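Data file: work.txt. Format and content: compact mmCIF, C-alpha atoms (C1' of nucleotides).
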```txt
# COMPACT_ATOMS: atom_id res chain seq x y z
CA MET A 1291 -6.39 4.76 25.67
CA LYS A 1292 -2.74 4.12 25.19
CA SER A 1293 -0.13 6.81 25.31
CA LEU A 1294 1.27 8.09 22.04
CA THR A 1295 4.08 5.74 21.08
CA HIS A 1296 6.54 6.55 18.31
CA PRO A 1297 9.22 4.41 16.73
CA ALA A 1298 12.78 5.55 17.34
CA ARG A 1299 14.57 7.15 14.41
CA GLU A 1300 16.73 4.08 13.88
CA ASP A 1301 13.70 1.80 13.83
CA LEU A 1302 12.02 3.48 10.87
CA LEU A 1303 11.43 1.01 8.04
CA ILE A 1304 11.16 1.98 4.40
CA GLN A 1305 8.43 -0.58 3.89
CA SER A 1306 6.25 0.88 6.66
CA VAL A 1307 6.81 4.41 5.42
CA LEU A 1308 5.88 3.46 1.86
CA ASP A 1309 2.79 1.64 3.17
CA ALA A 1310 1.77 4.73 5.08
CA LEU A 1311 2.29 7.02 2.09
CA ALA A 1312 0.48 4.71 -0.31
CA ASN A 1313 -2.89 6.10 0.65
CA PRO A 1314 -4.38 9.29 -0.76
CA ILE A 1315 -5.76 10.61 2.49
CA ARG A 1316 -2.53 10.04 4.38
CA LEU A 1317 -0.51 11.51 1.57
CA ARG A 1318 -2.59 14.68 1.75
CA ILE A 1319 -2.11 14.84 5.48
CA VAL A 1320 1.64 14.61 5.00
CA LYS A 1321 1.51 17.31 2.38
CA ARG A 1322 -0.28 19.67 4.74
CA LEU A 1323 2.13 18.93 7.55
CA ALA A 1324 4.99 19.64 5.20
CA GLY A 1325 3.48 23.05 4.63
CA GLY A 1326 4.28 23.78 8.24
CA GLU A 1327 0.81 23.32 9.68
CA GLU A 1328 0.36 21.64 13.02
CA LEU A 1329 -2.74 19.54 12.61
CA THR A 1330 -5.12 18.02 15.12
CA CYS A 1331 -6.80 14.67 14.64
CA SER A 1332 -10.00 16.21 13.42
CA THR A 1333 -8.29 18.18 10.67
CA VAL A 1334 -8.35 15.95 7.64
CA LEU A 1335 -9.03 17.23 4.17
CA PRO A 1336 -11.36 14.75 2.52
CA GLU A 1337 -14.12 14.69 5.08
CA VAL A 1338 -13.94 11.48 6.97
CA SER A 1339 -15.33 10.32 10.32
CA ALA A 1340 -13.39 10.83 13.53
CA SER A 1341 -12.75 7.12 13.89
CA THR A 1342 -11.40 6.78 10.38
CA ALA A 1343 -9.22 9.84 10.83
CA SER A 1344 -7.90 8.48 14.09
CA ARG A 1345 -6.79 5.33 12.34
CA HIS A 1346 -4.93 7.27 9.64
CA TRP A 1347 -3.11 9.33 12.26
CA GLN A 1348 -2.16 6.13 14.01
CA VAL A 1349 -0.68 4.61 10.85
CA LEU A 1350 1.33 7.76 10.17
CA ARG A 1351 2.54 7.93 13.75
CA GLU A 1352 3.49 4.26 14.00
CA SER A 1353 5.40 4.35 10.75
CA GLY A 1354 7.41 7.24 12.15
CA ILE A 1355 6.24 9.90 9.74
CA LEU A 1356 5.01 12.30 12.37
CA TRP A 1357 5.17 13.29 16.00
CA ALA A 1358 2.00 13.44 18.02
CA ARG A 1359 1.98 15.39 21.26
CA ARG A 1360 -0.84 15.99 23.64
CA GLU A 1361 -1.50 19.67 24.27
CA GLY A 1362 -4.34 19.94 26.71
CA ARG A 1363 -7.23 18.13 25.20
CA ILE A 1364 -6.05 18.12 21.63
CA ILE A 1365 -3.23 16.25 19.93
CA LEU A 1366 -0.89 18.20 17.71
CA HIS A 1367 0.89 16.49 14.85
CA THR A 1368 4.10 17.59 13.20
CA LEU A 1369 6.23 16.03 10.49
CA ARG A 1370 9.31 14.12 11.65
CA ARG A 1371 11.20 15.76 8.87
CA GLU A 1372 14.64 15.47 10.42
CA ASP A 1373 14.28 11.79 11.16
CA LEU A 1374 12.84 11.02 7.74
CA ASP A 1375 15.59 12.99 6.03
CA PHE A 1376 18.18 11.24 8.14
CA ARG A 1377 16.96 7.73 7.40
CA PHE A 1378 15.62 8.23 3.89
CA PRO A 1379 17.37 11.25 2.46
CA GLY A 1380 15.39 12.85 -0.31
CA LEU A 1381 12.31 10.66 0.01
CA LEU A 1382 10.00 13.19 1.55
CA ASP A 1383 11.06 16.01 -0.72
CA CYS A 1384 10.60 14.08 -3.90
CA VAL A 1385 7.27 12.59 -2.87
CA LEU A 1386 6.00 16.02 -1.90
CA ALA A 1387 7.29 17.55 -5.10
CA ALA A 1388 5.48 14.89 -7.11
CA VAL A 1389 2.23 15.42 -5.21
CA GLU A 1390 2.39 19.14 -5.74
CA GLU A 1391 3.23 18.86 -9.38
CA GLU A 1392 0.32 16.52 -9.94
CA GLU A 1393 -2.02 18.85 -8.09
CA ARG A 1394 -0.89 21.75 -10.25
CA GLY A 1395 -1.53 19.61 -13.29
CA THR A 1396 -5.00 18.58 -12.13
CA ALA A 1397 -5.93 22.05 -10.94
CA ALA A 1398 -6.52 23.24 -14.52
CA MET B 664 -3.55 -12.51 -23.55
CA LYS B 665 -3.22 -8.80 -23.95
CA SER B 666 -0.13 -7.12 -25.28
CA LEU B 667 2.21 -5.48 -22.83
CA THR B 668 0.87 -2.00 -22.19
CA HIS B 669 2.89 0.64 -20.38
CA PRO B 670 1.86 4.09 -19.18
CA ALA B 671 3.59 7.00 -20.90
CA ARG B 672 6.23 8.82 -18.91
CA GLU B 673 3.98 11.82 -18.38
CA ASP B 674 1.17 9.63 -17.09
CA LEU B 675 3.12 8.19 -14.17
CA LEU B 676 1.39 8.89 -10.85
CA ILE B 677 3.18 9.11 -7.54
CA GLN B 678 0.28 7.36 -5.85
CA SER B 679 0.46 4.34 -8.18
CA VAL B 680 4.21 4.13 -7.84
CA LEU B 681 4.01 4.25 -4.05
CA ASP B 682 1.29 1.60 -4.12
CA ALA B 683 3.46 -0.61 -6.26
CA LEU B 684 6.50 -0.17 -4.03
CA ALA B 685 4.53 -0.73 -0.83
CA ASN B 686 4.84 -4.49 -1.12
CA PRO B 687 7.86 -6.49 -0.01
CA ILE B 688 7.95 -8.81 -3.00
CA ARG B 689 7.67 -6.01 -5.52
CA LEU B 690 10.24 -3.95 -3.67
CA ARG B 691 12.70 -6.84 -3.91
CA ILE B 692 12.01 -7.18 -7.60
CA VAL B 693 12.75 -3.50 -8.09
CA LYS B 694 15.93 -3.85 -6.09
CA ARG B 695 17.15 -6.67 -8.31
CA LEU B 696 16.28 -4.79 -11.46
CA ALA B 697 18.19 -1.82 -10.12
CA GLY B 698 21.21 -4.08 -9.85
CA GLY B 699 21.16 -4.26 -13.62
CA GLU B 700 19.55 -7.67 -13.95
CA GLU B 701 17.01 -8.29 -16.67
CA LEU B 702 14.45 -10.52 -15.06
CA THR B 703 11.86 -12.85 -16.52
CA CYS B 704 8.45 -13.38 -14.95
CA SER B 705 9.48 -16.58 -13.26
CA THR B 706 12.43 -14.97 -11.50
CA VAL B 707 11.09 -13.80 -8.20
CA LEU B 708 13.00 -14.10 -4.97
CA PRO B 709 10.57 -15.19 -2.29
CA GLU B 710 9.20 -18.30 -3.91
CA VAL B 711 5.76 -17.59 -5.18
CA SER B 712 3.52 -19.27 -7.76
CA ALA B 713 3.63 -18.26 -11.41
CA SER B 714 0.19 -16.69 -11.22
CA THR B 715 1.07 -14.60 -8.20
CA ALA B 716 4.32 -13.50 -9.79
CA SER B 717 2.49 -12.56 -12.96
CA ARG B 718 0.24 -10.29 -10.98
CA HIS B 719 3.18 -8.54 -9.30
CA TRP B 720 4.86 -7.94 -12.66
CA GLN B 721 1.61 -6.51 -13.94
CA VAL B 722 1.32 -4.05 -11.05
CA LEU B 723 4.90 -2.90 -11.55
CA ARG B 724 4.42 -2.55 -15.29
CA GLU B 725 1.12 -0.69 -15.06
CA SER B 726 2.47 1.74 -12.50
CA GLY B 727 5.28 2.53 -14.91
CA ILE B 728 8.15 1.19 -12.85
CA LEU B 729 9.46 -1.17 -15.48
CA TRP B 730 9.50 -2.04 -19.14
CA ALA B 731 8.41 -5.47 -20.24
CA ARG B 732 9.42 -6.69 -23.68
CA ARG B 733 8.77 -10.01 -25.30
CA GLU B 734 11.91 -11.80 -26.42
CA GLY B 735 10.95 -15.03 -28.03
CA ARG B 736 8.96 -16.94 -25.49
CA ILE B 737 10.11 -15.08 -22.42
CA ILE B 738 9.41 -11.56 -21.20
CA LEU B 739 12.33 -9.46 -20.12
CA HIS B 740 11.84 -6.73 -17.55
CA THR B 741 14.02 -3.69 -17.03
CA LEU B 742 13.71 -0.69 -14.74
CA ARG B 743 12.31 2.50 -16.26
CA ARG B 744 14.99 4.39 -14.44
CA GLU B 745 15.09 7.37 -16.77
CA ASP B 746 11.37 7.90 -16.66
CA LEU B 747 11.19 7.47 -12.90
CA ASP B 748 14.09 9.84 -12.39
CA PHE B 749 12.48 12.32 -14.73
CA ARG B 750 9.10 12.32 -13.03
CA PHE B 751 10.17 11.64 -9.45
CA PRO B 752 13.79 12.72 -9.14
CA GLY B 753 15.54 10.98 -6.31
CA LEU B 754 12.70 8.64 -5.39
CA LEU B 755 14.17 5.45 -6.75
CA ASP B 756 17.65 6.11 -5.44
CA CYS B 757 16.56 6.85 -1.93
CA VAL B 758 14.14 3.94 -1.73
CA LEU B 759 16.83 1.58 -3.01
CA ALA B 760 19.39 3.01 -0.62
CA ALA B 761 17.00 2.45 2.27
CA VAL B 762 16.27 -1.13 1.22
CA GLU B 763 19.94 -1.92 0.93
CA GLU B 764 20.81 -0.32 4.21
CA GLU B 765 18.11 -2.29 5.96
CA GLU B 766 19.29 -5.51 4.37
CA ARG B 767 22.82 -4.84 5.52
CA GLY B 768 21.50 -4.23 9.00
CA THR B 769 19.42 -7.39 9.04
CA ALA B 770 22.07 -9.56 7.39
CA ALA B 771 24.53 -9.51 10.32
C1' DT C 1364 -18.87 17.43 40.23
C1' DC C 1365 -20.69 17.77 35.77
C1' DC C 1366 -20.23 18.95 31.09
C1' DA C 1367 -18.26 19.63 26.58
C1' DT C 1368 -14.63 18.73 23.46
C1' DA C 1369 -11.05 15.71 21.45
C1' DG C 1370 -9.62 11.22 20.36
C1' DT C 1371 -9.73 6.15 20.75
C1' DT C 1372 -11.59 1.64 20.58
C1' DC C 1373 -14.80 -1.84 19.13
C1' DG C 1374 -17.55 -4.31 15.97
C1' DC C 1375 -19.15 -4.55 11.62
C1' DG C 1376 -19.68 -4.72 6.45
C1' DA C 1377 -17.86 -3.69 1.82
C1' DG C 1378 -14.18 -3.82 -0.96
C1' DT C 1379 -9.35 -4.95 -2.06
C1' DT C 1380 -5.16 -7.52 -1.98
C1' DC C 1381 -2.63 -11.60 -2.02
C1' DG C 1382 -1.95 -16.16 -2.34
C1' DC C 1383 -3.02 -20.53 -4.83
C1' DG C 1384 -4.09 -24.21 -8.57
C1' DA C 1385 -6.27 -25.23 -12.93
C1' DA C 1386 -6.94 -24.10 -17.39
C1' DC C 1387 -5.76 -21.27 -20.91
C1' DT C 1388 -2.69 -18.67 -24.72
C1' DA C 1389 1.64 -17.66 -27.05
C1' DT C 1390 6.00 -18.74 -28.88
C1' DG C 1391 9.81 -21.53 -30.69
C1' DG C 1392 11.79 -25.84 -31.77
C1' DA C 1393 11.72 -30.92 -33.04
C1' DT D 1097 2.02 -30.73 -36.47
C1' DC D 1098 3.06 -31.63 -31.82
C1' DC D 1099 5.42 -30.58 -27.68
C1' DA D 1100 7.62 -27.97 -24.08
C1' DT D 1101 8.33 -23.67 -21.94
C1' DA D 1102 6.76 -19.06 -20.42
C1' DG D 1103 3.12 -16.25 -18.96
C1' DT D 1104 -1.77 -15.05 -18.31
C1' DT D 1105 -6.39 -15.52 -16.78
C1' DC D 1106 -10.01 -17.28 -13.90
C1' DG D 1107 -12.13 -18.53 -9.71
C1' DC D 1108 -11.53 -19.08 -5.19
C1' DG D 1109 -10.61 -18.32 -0.05
C1' DA D 1110 -7.98 -15.93 3.58
C1' DA D 1111 -6.45 -11.82 5.18
C1' DC D 1112 -6.24 -7.10 5.24
C1' DT D 1113 -7.92 -2.21 4.49
C1' DC D 1114 -11.07 1.29 4.85
C1' DG D 1115 -15.11 3.25 5.94
C1' DC D 1116 -18.78 3.93 9.50
C1' DG D 1117 -21.44 4.64 14.08
C1' DA D 1118 -21.73 3.68 18.96
C1' DA D 1119 -19.60 3.59 23.09
C1' DC D 1120 -15.71 4.59 25.53
C1' DT D 1121 -11.57 7.52 27.77
C1' DA D 1122 -9.07 11.78 28.69
C1' DT D 1123 -8.67 16.49 29.57
C1' DG D 1124 -9.98 21.19 30.92
C1' DG D 1125 -13.31 24.40 32.38
C1' DA D 1126 -17.75 25.97 34.66
```
Write-out of the structure in structure tokens:
Amino acid sequence: MKSLTHPAREDLLIQSVLDALANPIRLRIVKRLAGGEELTCSTVLPEVSASTASRHWQVLRESGILWARREGRIILHTLRREDLDFRFPGLLDCVLAAVEEEERGTAA
Amino acid sequence: MKSLTHPAREDLLIQSVLDALANPIRLRIVKRLAGGEELTCSTVLPEVSASTASRHWQVLRESGILWARREGRIILHTLRREDLDFRFPGLLDCVLAAVEEEERGTAA
DNA sequence: TCCATAGTTCGCGAGTTCGCGAACTATGGA
DNA sequence: TCCATAGTTCGCGAACTCGCGAACTATGGA
């Protein structure tokens, strides 16, 4: 079990971030984080096994989208909003806005 | 050989657009289009076969990122900048800015 | 020390993506 | 009509993604 490694702010790559966001489950995770929630690994919306969830958290963490910190026996995840805004100004906001608008549209 | 179908502006989906952008070849195509170039199918930077290129153009077209119009025996592609900006304000600009910044960094 | 909870890792199968070449279609010009 | 150019489609294999369950590690508490 490796320790939780994160890329430095200056090492974030647009390609990796886009890869990470180009998945519905991960996009929903990001949306929830953006809402201010601190999520654990087992909190994923579309019900998915622990191993699958773990992989998604890993992709998000390694692309630099979120911070993961151990707190006792759980891992808490938070958005790296400052770093994302610094490297890719506007990206997060406009992706989130699009997701929310589409959800409003689908909601009926 | 089907005719060139494009999604309507209101049918653009953030997920499809992110999927389309989450590929290095397609991202480079978008970057060139953003530079104002009108590209044909055979103009792709990292040398790739015609069939592979055709597939990439198709993904970009079907996600709504570009317009394809037949002009004699070639197909000219242009960015759907207005539609993208309308549906996902800021997305294109910040992705392009990130790509260019990374290229400047790597160029050295 | 032993147990329960929280995550990770491994191995696997199903499905997808990405590349190719070969064969095809479409268009314009000789 | 015939040819050349520009793209598309098909079939394929290699590689990757995404899901799972089983087995593992890490941590905190009884």
Residue hits in chain C, query chain A, radius 9 Å, all atoms listed in the file, as number ranges by chain: C: 1368-1372
For chain B versus chain A, which residues have an atom no more than 7 Å away, and what is each residue's nearest atom pair and distance in Å rounded to one decimal, using all atoms listed in the file, chain-then-number order, as a tab-separated table?
```
residue	atom	partner	partner_atom	distance
B:Ile677	CA	A:Ala1388	CA	6.2
B:Gln678	CA	A:Ala1312	CA	6.1
B:Leu681	CA	A:Ala1312	CA	5.2
B:Asp682	CA	A:Ala1312	CA	5.0
B:Leu684	CA	A:Leu1308	CA	6.9
B:Ala685	CA	A:Asp1309	CA	5.0
B:Phe751	CA	A:Cys1384	CA	6.1
B:Pro752	CA	A:Cys1384	CA	6.3
B:Gly753	CA	A:Gly1380	CA	6.3
B:Leu754	CA	A:Leu1381	CA	5.8
B:Cys757	CA	A:Leu1381	CA	6.0
B:Ala761	CA	A:Phe1378	CA	6.2
B:Val762	CA	A:Ile1304	CA	6.8
```
Could the residues of chain D within 7 Å of chain A, counting all atoms listed in the file, be given as number ranges by chain, please? D: 1115, 1121, 1123
Mobile chain B fitted to chain A over all in-order Cα pairs, reported as an mmCIF file with C-alpha atoms, keeping the file's coordinate frame:
```
data_model
loop_
_atom_site.group_PDB
_atom_site.id
_atom_site.type_symbol
_atom_site.label_atom_id
_atom_site.label_comp_id
_atom_site.auth_asym_id
_atom_site.auth_seq_id
_atom_site.Cartn_x
_atom_site.Cartn_y
_atom_site.Cartn_z
ATOM 1 C CA MET B 664 -6.413 4.833 25.643
ATOM 2 C CA LYS B 665 -2.752 4.183 25.182
ATOM 3 C CA SER B 666 -0.132 6.878 25.302
ATOM 4 C CA LEU B 667 1.288 8.137 22.051
ATOM 5 C CA THR B 668 4.084 5.779 21.085
ATOM 6 C CA HIS B 669 6.539 6.583 18.319
ATOM 7 C CA PRO B 670 9.229 4.414 16.750
ATOM 8 C CA ALA B 671 12.801 5.563 17.339
ATOM 9 C CA ARG B 672 14.578 7.144 14.409
ATOM 10 C CA GLU B 673 16.748 4.086 13.879
ATOM 11 C CA ASP B 674 13.723 1.805 13.829
ATOM 12 C CA LEU B 675 12.042 3.468 10.861
ATOM 13 C CA LEU B 676 11.438 0.995 8.028
ATOM 14 C CA ILE B 677 11.176 1.966 4.395
ATOM 15 C CA GLN B 678 8.438 -0.601 3.901
ATOM 16 C CA SER B 679 6.257 0.871 6.669
ATOM 17 C CA VAL B 680 6.813 4.387 5.424
ATOM 18 C CA LEU B 681 5.884 3.422 1.871
ATOM 19 C CA ASP B 682 2.805 1.621 3.176
ATOM 20 C CA ALA B 683 1.782 4.699 5.087
ATOM 21 C CA LEU B 684 2.291 6.995 2.108
ATOM 22 C CA ALA B 685 0.482 4.673 -0.294
ATOM 23 C CA ASN B 686 -2.900 6.073 0.664
ATOM 24 C CA PRO B 687 -4.391 9.254 -0.757
ATOM 25 C CA ILE B 688 -5.761 10.574 2.516
ATOM 26 C CA ARG B 689 -2.534 10.022 4.400
ATOM 27 C CA LEU B 690 -0.511 11.497 1.572
ATOM 28 C CA ARG B 691 -2.607 14.665 1.752
ATOM 29 C CA ILE B 692 -2.111 14.836 5.484
ATOM 30 C CA VAL B 693 1.637 14.597 5.009
ATOM 31 C CA LYS B 694 1.497 17.291 2.372
ATOM 32 C CA ARG B 695 -0.291 19.663 4.727
ATOM 33 C CA LEU B 696 2.106 18.937 7.545
ATOM 34 C CA ALA B 697 4.969 19.638 5.184
ATOM 35 C CA GLY B 698 3.456 23.055 4.610
ATOM 36 C CA GLY B 699 4.267 23.798 8.221
ATOM 37 C CA GLU B 700 0.792 23.304 9.640
ATOM 38 C CA GLU B 701 0.355 21.624 12.990
ATOM 39 C CA LEU B 702 -2.735 19.527 12.581
ATOM 40 C CA THR B 703 -5.119 18.031 15.101
ATOM 41 C CA CYS B 704 -6.795 14.667 14.604
ATOM 42 C CA SER B 705 -10.011 16.199 13.391
ATOM 43 C CA THR B 706 -8.300 18.176 10.642
ATOM 44 C CA VAL B 707 -8.371 15.942 7.632
ATOM 45 C CA LEU B 708 -9.073 17.187 4.150
ATOM 46 C CA PRO B 709 -11.346 14.683 2.465
ATOM 47 C CA GLU B 710 -14.146 14.583 4.980
ATOM 48 C CA VAL B 711 -13.918 11.401 6.922
ATOM 49 C CA SER B 712 -15.319 10.272 10.277
ATOM 50 C CA ALA B 713 -13.387 10.809 13.492
ATOM 51 C CA SER B 714 -12.737 7.099 13.880
ATOM 52 C CA THR B 715 -11.372 6.749 10.376
ATOM 53 C CA ALA B 716 -9.192 9.807 10.818
ATOM 54 C CA SER B 717 -7.888 8.446 14.093
ATOM 55 C CA ARG B 718 -6.783 5.308 12.341
ATOM 56 C CA HIS B 719 -4.923 7.252 9.641
ATOM 57 C CA TRP B 720 -3.099 9.321 12.261
ATOM 58 C CA GLN B 721 -2.151 6.118 14.017
ATOM 59 C CA VAL B 722 -0.667 4.590 10.862
ATOM 60 C CA LEU B 723 1.347 7.731 10.179
ATOM 61 C CA ARG B 724 2.551 7.915 13.764
ATOM 62 C CA GLU B 725 3.495 4.248 14.020
ATOM 63 C CA SER B 726 5.405 4.335 10.760
ATOM 64 C CA GLY B 727 7.411 7.227 12.152
ATOM 65 C CA ILE B 728 6.257 9.895 9.739
ATOM 66 C CA LEU B 729 5.028 12.303 12.365
ATOM 67 C CA TRP B 730 5.183 13.302 15.989
ATOM 68 C CA ALA B 731 2.009 13.453 18.005
ATOM 69 C CA ARG B 732 1.995 15.419 21.242
ATOM 70 C CA ARG B 733 -0.840 16.055 23.614
ATOM 71 C CA GLU B 734 -1.520 19.726 24.227
ATOM 72 C CA GLY B 735 -4.343 20.044 26.651
ATOM 73 C CA ARG B 736 -7.250 18.210 25.152
ATOM 74 C CA ILE B 737 -6.054 18.168 21.578
ATOM 75 C CA ILE B 738 -3.229 16.286 19.891
ATOM 76 C CA LEU B 739 -0.886 18.230 17.692
ATOM 77 C CA HIS B 740 0.889 16.502 14.836
ATOM 78 C CA THR B 741 4.095 17.598 13.166
ATOM 79 C CA LEU B 742 6.238 16.017 10.474
ATOM 80 C CA ARG B 743 9.317 14.107 11.622
ATOM 81 C CA ARG B 744 11.213 15.740 8.829
ATOM 82 C CA GLU B 745 14.645 15.457 10.399
ATOM 83 C CA ASP B 746 14.277 11.791 11.146
ATOM 84 C CA LEU B 747 12.845 11.004 7.728
ATOM 85 C CA ASP B 748 15.586 12.966 6.018
ATOM 86 C CA PHE B 749 18.167 11.218 8.140
ATOM 87 C CA ARG B 750 16.961 7.708 7.404
ATOM 88 C CA PHE B 751 15.622 8.202 3.885
ATOM 89 C CA PRO B 752 17.367 11.241 2.440
ATOM 90 C CA GLY B 753 15.383 12.817 -0.331
ATOM 91 C CA LEU B 754 12.307 10.623 0.007
ATOM 92 C CA LEU B 755 10.002 13.164 1.560
ATOM 93 C CA ASP B 756 11.058 15.993 -0.708
ATOM 94 C CA CYS B 757 10.585 14.073 -3.893
ATOM 95 C CA VAL B 758 7.258 12.574 -2.867
ATOM 96 C CA LEU B 759 5.985 16.013 -1.872
ATOM 97 C CA ALA B 760 7.273 17.550 -5.080
ATOM 98 C CA ALA B 761 5.451 14.894 -7.080
ATOM 99 C CA VAL B 762 2.204 15.416 -5.174
ATOM 100 C CA GLU B 763 2.363 19.143 -5.685
ATOM 101 C CA GLU B 764 3.197 18.869 -9.332
ATOM 102 C CA GLU B 765 0.282 16.540 -9.890
ATOM 103 C CA GLU B 766 -2.056 18.862 -8.038
ATOM 104 C CA ARG B 767 -0.937 21.766 -10.170
ATOM 105 C CA GLY B 768 -1.576 19.672 -13.241
ATOM 106 C CA THR B 769 -5.019 18.594 -12.102
ATOM 107 C CA ALA B 770 -6.026 22.016 -10.785
ATOM 108 C CA ALA B 771 -6.197 23.739 -14.197
#
```
Can you tell me how far CA of Gly727 (chain B) sits from CA of Lys694 (chain B), in Å to one decimal?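 Answer for the CA of Gly727 (chain B) to CA of Lys694 (chain B) separation: 15.2 Å.
Using all atoms listed in the file, the nearest neighbour of Arg1351 (chain A) within the list A:Asp1373, A:Leu1335, A:Leu1366, A:Leu1294 is A:Leu1294.
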Could you work out how far CA of Thr668 (chain B) lies from CA of Glu725 (chain B), giving the answer in Å with one decimal?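 Value for the CA of Glu725 (chain B)-CA of Thr668 (chain B) distance: 7.3 Å.
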To one decimal place, how far is C1' of DA1111 (chain D) from C1' of DG1374 (chain C) in Å?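 The value is 17.2 Å.
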Which residue out of A:Val1334, A:Arg1316, A:Phe1376, A:Glu1390 has the minimum interatomic distance to Val1349 (chain A) when all atoms listed in the file are used? A:Arg1316
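Among the candidate residues A:Glu1372, A:Arg1318, A:Gly1395, A:Pro1297, the one lying nearest to Pro1336 (chain A) is A:Arg1318, with distances computed using all atoms listed in the file.
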Non-local contacts of DA1110 (chain D) (12 Å; all atoms listed in the file; under 5 positions in same chain excluded) as a VMD selection string: chain C and resid 1380 to 1383
